[in-house]
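Encoded as structure tokens, the structure appears first; notes follow it.
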Amino acid sequence: MRSEDTHFQGESGLDKKVKLWGTVTLVGGFICLSWVVFDIFVFGHLKARLHLPAEWGSLQQTLGGLLWIGYLVFFLFHIPALLTLIFRLQLFKSFDFLQSSAFFLGLLSLFSLVGDYGLLNDIGKETRLTGLPQSEWDVLTVVLAVHALFFLLMIILIFQAFRRLKRESAAETVAKDEILFLTAQWMGVICGGGGLLVNFSFYARQIPSRQYVFLLPFCLLLLLPYGLAALAWLVRQRTTKPRDWYDEKQWGDMTRAALATLLLSLPGMAFLLLFRQPLGMFWFPHYICSFQAALFS
Amino acid sequence: MTLGNNLRRLRFEHGEITQQALANAVGVTRLTIHSIEKRKFVPSTLLALKLSRYFGKPVENIFFILDQEAS
């Protein structure tokens, strides 16, 4: 038993590093992919209004701000992603086509982020001076596709690595898999937090109530990574009875987390109910985000 | 009062099995075994009996009550 256990642990805990950074990258990958979808929607929305400054309001400012946050998230994603690639290479000692493509795309995507910053600034300036610069938009779209391809490739590589780790280390075969559960849990917390952030940024910028309808699709997009992770987890659990989905500690943890989330959301909900009564659209997505954050946390 | 346990020692006395292997044997996650060993989680009677059966020892040889000073 011991010799089997140490098969990968003999590599100075590289398997643990791959699992840890791989999980972080997996969560980040789903979030970044969803943010790419969000960016495509926002680009379309902003592009139609870029040459009409009269139509620019607090909604467009907020969406612009979320775009910049998205690029910051893209940048941060590269840190765990590249670490995972390095640890994966050290552990498996193989450098296949997918892995080399991921390295190439990762570096290209990382350096392109600097270009994205310049492009977005150029588009703003040129539109004011000479009208909408189509070529810059095209480049921006191509670079966004590069980012998306890298995120997708990383997700595939991590699933591949997890499967290989499970296959090659018989003693580490997991009867009750917790990696996907933990991934879904953290994704729920991050997506729920992101949803709350978007909601409160709309509130803080005092966006007119009729524009709150824009909030719902963005909240749904923010929930997409969590939805994908939860769906993957449900597919894995399809052959087991619901009572066996979790062990007793996980049931207890979920109950406590649900209670804590509910208690934390109550003051916020009460505030919205008392002070923002006419804005029924506002608290509804807020509540969805709180609720889904509780579901797997 | 807290619940103390000899899980870690018993694991090593039974062929140095890993937390994961023990978790698989009794149908829980590795984190649950880890939490029990660290006294962060009190197992149910059913899980305590499963552990007892796995190690072939009475429950009171695996789990015991610690008063505040002893803990």
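Ligands are numbered from 1 in the order shown, residues from 1 within each chain, and chains are lettered A, B, ... in the order they appear in the structure tokens.
Proximity to chain A at a cut-off of 10 Å picks out B:Gly15, B:Glu16, B:Ile17, B:Thr18, B:Gln19, B:Gln20, B:Ala21, B:Ala23, B:Asn24, B:Ala25, B:Val26, B:Gly27, B:Val28, B:Thr29, B:Arg30, B:Leu31, B:Thr32, B:Ile33, B:Ser35, B:Ile36, B:Phe41, B:Val42, B:Pro43, B:Ser44, B:Leu47 on chain B, counting only C-alpha atoms.
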Chain B: residues DSSP assigns to strand (DSSP E or B), reported as a ChimeraX atom specification: /B:2-5,63-66
Selection to disk with N, CA and C atoms, as a PDB file, in the first residue's frame:
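Everything below was put into result.pdb:
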ATOM      1  N   THR B   2     -14.119  17.612  24.397  1.00  0.00           N
ATOM      2  CA  THR B   2     -13.960  17.338  22.958  1.00  0.00           C
ATOM      3  C   THR B   2     -13.715  15.845  22.750  1.00  0.00           C
ATOM      4  N   LEU B   3     -13.865  15.436  21.508  1.00  0.00           N
ATOM      5  CA  LEU B   3     -13.677  14.020  21.186  1.00  0.00           C
ATOM      6  C   LEU B   3     -12.254  13.801  20.671  1.00  0.00           C
ATOM      7  N   GLY B   4     -11.463  13.064  21.436  1.00  0.00           N
ATOM      8  CA  GLY B   4     -10.119  12.718  20.974  1.00  0.00           C
ATOM      9  C   GLY B   4     -10.167  11.430  20.173  1.00  0.00           C
ATOM     10  N   ASN B   5      -9.090  11.126  19.470  1.00  0.00           N
ATOM     11  CA  ASN B   5      -9.082   9.868  18.694  1.00  0.00           C
ATOM     12  C   ASN B   5      -7.659   9.387  18.435  1.00  0.00           C
ATOM     13  N   PHE B  63     -11.953   6.205  19.793  1.00  0.00           N
ATOM     14  CA  PHE B  63     -12.416   7.533  20.232  1.00  0.00           C
ATOM     15  C   PHE B  63     -12.503   7.584  21.757  1.00  0.00           C
ATOM     16  N   PHE B  64     -12.220   8.750  22.289  1.00  0.00           N
ATOM     17  CA  PHE B  64     -12.313   8.934  23.738  1.00  0.00           C
ATOM     18  C   PHE B  64     -12.616  10.404  24.028  1.00  0.00           C
ATOM     19  N   ILE B  65     -13.132  10.634  25.235  1.00  0.00           N
ATOM     20  CA  ILE B  65     -13.504  12.014  25.585  1.00  0.00           C
ATOM     21  C   ILE B  65     -12.313  12.725  26.228  1.00  0.00           C
ATOM     22  N   LEU B  66     -12.082  13.942  25.750  1.00  0.00           N
ATOM     23  CA  LEU B  66     -11.016  14.763  26.331  1.00  0.00           C
ATOM     24  C   LEU B  66     -11.668  15.894  27.118  1.00  0.00           C
TER      25      LEU B  66
END
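Here CA of Leu59 in chain A and CA of Arg205 in chain A stand 8.1 Å from one another.
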Residues within 10 Å of Ala81 in chain A, only C-alpha atoms, excluding chain neighbours under 6 positions, as a PyMOL selection string: chain A and resi 21-26+28-29+102-103+106+150-151+154-155+158
Non-local contacts of Leu66 in chain A (9 Å; only C-alpha atoms; under 5 positions in same chain excluded) as a list in words: Asp39, Gln61, Tyr71 and Val198 of chain A
Write the residues of the preceding selection, restricted to N, CA, C and O atoms, as a PDB file, in the first residue's frame.
ATOM      1  N   ASP A  39     -17.693  39.745 -22.497  1.00  0.00           N
ATOM      2  CA  ASP A  39     -16.998  40.781 -23.279  1.00  0.00           C
ATOM      3  C   ASP A  39     -17.601  40.919 -24.674  1.00  0.00           C
ATOM      4  O   ASP A  39     -17.748  42.030 -25.193  1.00  0.00           O
ATOM      5  N   GLN A  61     -20.713  53.263 -18.642  1.00  0.00           N
ATOM      6  CA  GLN A  61     -19.497  53.437 -17.816  1.00  0.00           C
ATOM      7  C   GLN A  61     -19.243  52.179 -16.986  1.00  0.00           C
ATOM      8  O   GLN A  61     -18.105  51.709 -16.883  1.00  0.00           O
ATOM      9  N   TYR A  71     -10.162  42.075 -17.969  1.00  0.00           N
ATOM     10  CA  TYR A  71      -8.778  41.939 -18.446  1.00  0.00           C
ATOM     11  C   TYR A  71      -7.813  41.713 -17.280  1.00  0.00           C
ATOM     12  O   TYR A  71      -6.805  41.014 -17.423  1.00  0.00           O
ATOM     13  N   VAL A 198     -21.515  43.029  -9.264  1.00  0.00           N
ATOM     14  CA  VAL A 198     -22.166  43.668 -10.413  1.00  0.00           C
ATOM     15  C   VAL A 198     -23.432  44.393  -9.954  1.00  0.00           C
ATOM     16  O   VAL A 198     -23.675  45.545 -10.304  1.00  0.00           O
TER      17      VAL A 198
END
I'd like the contact shell of Ala230 in chain A - 9 Å cut-off, only C-alpha atoms, skipping same-chain residues fewer than 4 positions apart - returned as a CSV table (one decimal) with C-alpha atoms, in the first residue's frame.
chain,number,residue,atom,x,y,z
A,180,LEU,CA,-15.1,18.5,-8.5
A,181,PHE,CA,-17.2,19.2,-5.4
A,183,THR,CA,-14.3,23.3,-7.6
A,184,ALA,CA,-18.0,23.7,-7.8
A,185,GLN,CA,-18.0,25.1,-4.3
A,188,GLY,CA,-20.2,29.1,-6.5
A,225,PRO,CA,-19.1,28.9,-14.8
A,226,TYR,CA,-20.8,27.7,-11.7
A,234,LEU,CA,-24.2,16.2,-11.4
A,235,VAL,CA,-23.3,14.1,-14.5
A,296,PHE,CA,-22.6,24.3,-2.9
Between CA of Leu85 in chain A and CA of Val142 in chain A, distance in Å (one decimal): 23.9 Å
Nearby residues (only C-alpha atoms) at most 9 Å from Glu136 in chain A, same-chain spacing under 4 positions excluded, as a list in words: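 Everything that qualifies: Leu119, Leu120, Asp122, Ile123, Leu132, Leu140 and Thr141 of chain A.
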Take the residues just selected and output them with all heavy atoms as a PDB file, in the first residue's frame.
ATOM      1  N   LEU A 119      -5.022  48.882 -27.496  1.00  0.00           N
ATOM      2  CA  LEU A 119      -6.111  48.870 -28.492  1.00  0.00           C
ATOM      3  C   LEU A 119      -7.368  49.549 -27.961  1.00  0.00           C
ATOM      4  O   LEU A 119      -7.981  50.368 -28.644  1.00  0.00           O
ATOM      5  CB  LEU A 119      -6.444  47.426 -28.861  1.00  0.00           C
ATOM      6  CG  LEU A 119      -5.622  46.775 -29.967  1.00  0.00           C
ATOM      7  CD1 LEU A 119      -5.965  45.308 -30.073  1.00  0.00           C
ATOM      8  CD2 LEU A 119      -5.867  47.468 -31.295  1.00  0.00           C
ATOM      9  N   LEU A 120      -7.727  49.212 -26.737  1.00  0.00           N
ATOM     10  CA  LEU A 120      -8.950  49.792 -26.163  1.00  0.00           C
ATOM     11  C   LEU A 120      -8.819  51.306 -26.029  1.00  0.00           C
ATOM     12  O   LEU A 120      -9.768  52.053 -26.292  1.00  0.00           O
ATOM     13  CB  LEU A 120      -9.251  49.148 -24.803  1.00  0.00           C
ATOM     14  CG  LEU A 120      -9.830  47.735 -24.868  1.00  0.00           C
ATOM     15  CD1 LEU A 120      -9.830  47.075 -23.499  1.00  0.00           C
ATOM     16  CD2 LEU A 120     -11.257  47.761 -25.414  1.00  0.00           C
ATOM     17  N   ASP A 122      -6.849  53.207 -27.924  1.00  0.00           N
ATOM     18  CA  ASP A 122      -6.848  53.735 -29.290  1.00  0.00           C
ATOM     19  C   ASP A 122      -8.259  53.849 -29.837  1.00  0.00           C
ATOM     20  O   ASP A 122      -8.616  54.838 -30.476  1.00  0.00           O
ATOM     21  CB  ASP A 122      -6.040  52.805 -30.207  1.00  0.00           C
ATOM     22  CG  ASP A 122      -4.551  53.088 -30.082  1.00  0.00           C
ATOM     23  OD1 ASP A 122      -4.217  54.038 -29.358  1.00  0.00           O
ATOM     24  OD2 ASP A 122      -3.755  52.344 -30.679  1.00  0.00           O
ATOM     25  N   ILE A 123      -9.047  52.798 -29.588  1.00  0.00           N
ATOM     26  CA  ILE A 123     -10.424  52.796 -30.108  1.00  0.00           C
ATOM     27  C   ILE A 123     -11.193  53.994 -29.553  1.00  0.00           C
ATOM     28  O   ILE A 123     -11.887  54.707 -30.283  1.00  0.00           O
ATOM     29  CB  ILE A 123     -11.126  51.463 -29.763  1.00  0.00           C
ATOM     30  CG1 ILE A 123     -10.549  50.336 -30.622  1.00  0.00           C
ATOM     31  CG2 ILE A 123     -12.635  51.558 -29.971  1.00  0.00           C
ATOM     32  CD1 ILE A 123     -10.966  48.943 -30.217  1.00  0.00           C
ATOM     33  N   LEU A 132     -15.446  55.315 -36.032  1.00  0.00           N
ATOM     34  CA  LEU A 132     -15.191  53.971 -35.510  1.00  0.00           C
ATOM     35  C   LEU A 132     -14.055  53.256 -36.266  1.00  0.00           C
ATOM     36  O   LEU A 132     -14.154  53.055 -37.469  1.00  0.00           O
ATOM     37  CB  LEU A 132     -16.481  53.154 -35.627  1.00  0.00           C
ATOM     38  CG  LEU A 132     -16.608  51.933 -34.748  1.00  0.00           C
ATOM     39  CD1 LEU A 132     -16.633  52.329 -33.286  1.00  0.00           C
ATOM     40  CD2 LEU A 132     -17.868  51.177 -35.093  1.00  0.00           C
ATOM     41  N   LEU A 140      -8.904  43.313 -31.926  1.00  0.00           N
ATOM     42  CA  LEU A 140      -9.357  43.051 -30.548  1.00  0.00           C
ATOM     43  C   LEU A 140     -10.130  41.725 -30.475  1.00  0.00           C
ATOM     44  O   LEU A 140      -9.953  40.935 -29.536  1.00  0.00           O
ATOM     45  CB  LEU A 140     -10.250  44.207 -30.083  1.00  0.00           C
ATOM     46  CG  LEU A 140     -10.447  44.363 -28.574  1.00  0.00           C
ATOM     47  CD1 LEU A 140      -9.146  44.724 -27.895  1.00  0.00           C
ATOM     48  CD2 LEU A 140     -11.491  45.440 -28.279  1.00  0.00           C
ATOM     49  N   THR A 141     -10.959  41.486 -31.486  1.00  0.00           N
ATOM     50  CA  THR A 141     -11.755  40.250 -31.523  1.00  0.00           C
ATOM     51  C   THR A 141     -10.853  39.027 -31.699  1.00  0.00           C
ATOM     52  O   THR A 141     -11.051  37.997 -31.040  1.00  0.00           O
ATOM     53  CB  THR A 141     -12.777  40.309 -32.686  1.00  0.00           C
ATOM     54  OG1 THR A 141     -13.447  41.566 -32.623  1.00  0.00           O
ATOM     55  CG2 THR A 141     -13.796  39.200 -32.586  1.00  0.00           C
TER      56      THR A 141
END
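Here CA of Ile62 in chain B is placed at a distance of 6.4 Å from CA of Leu7 in chain B.
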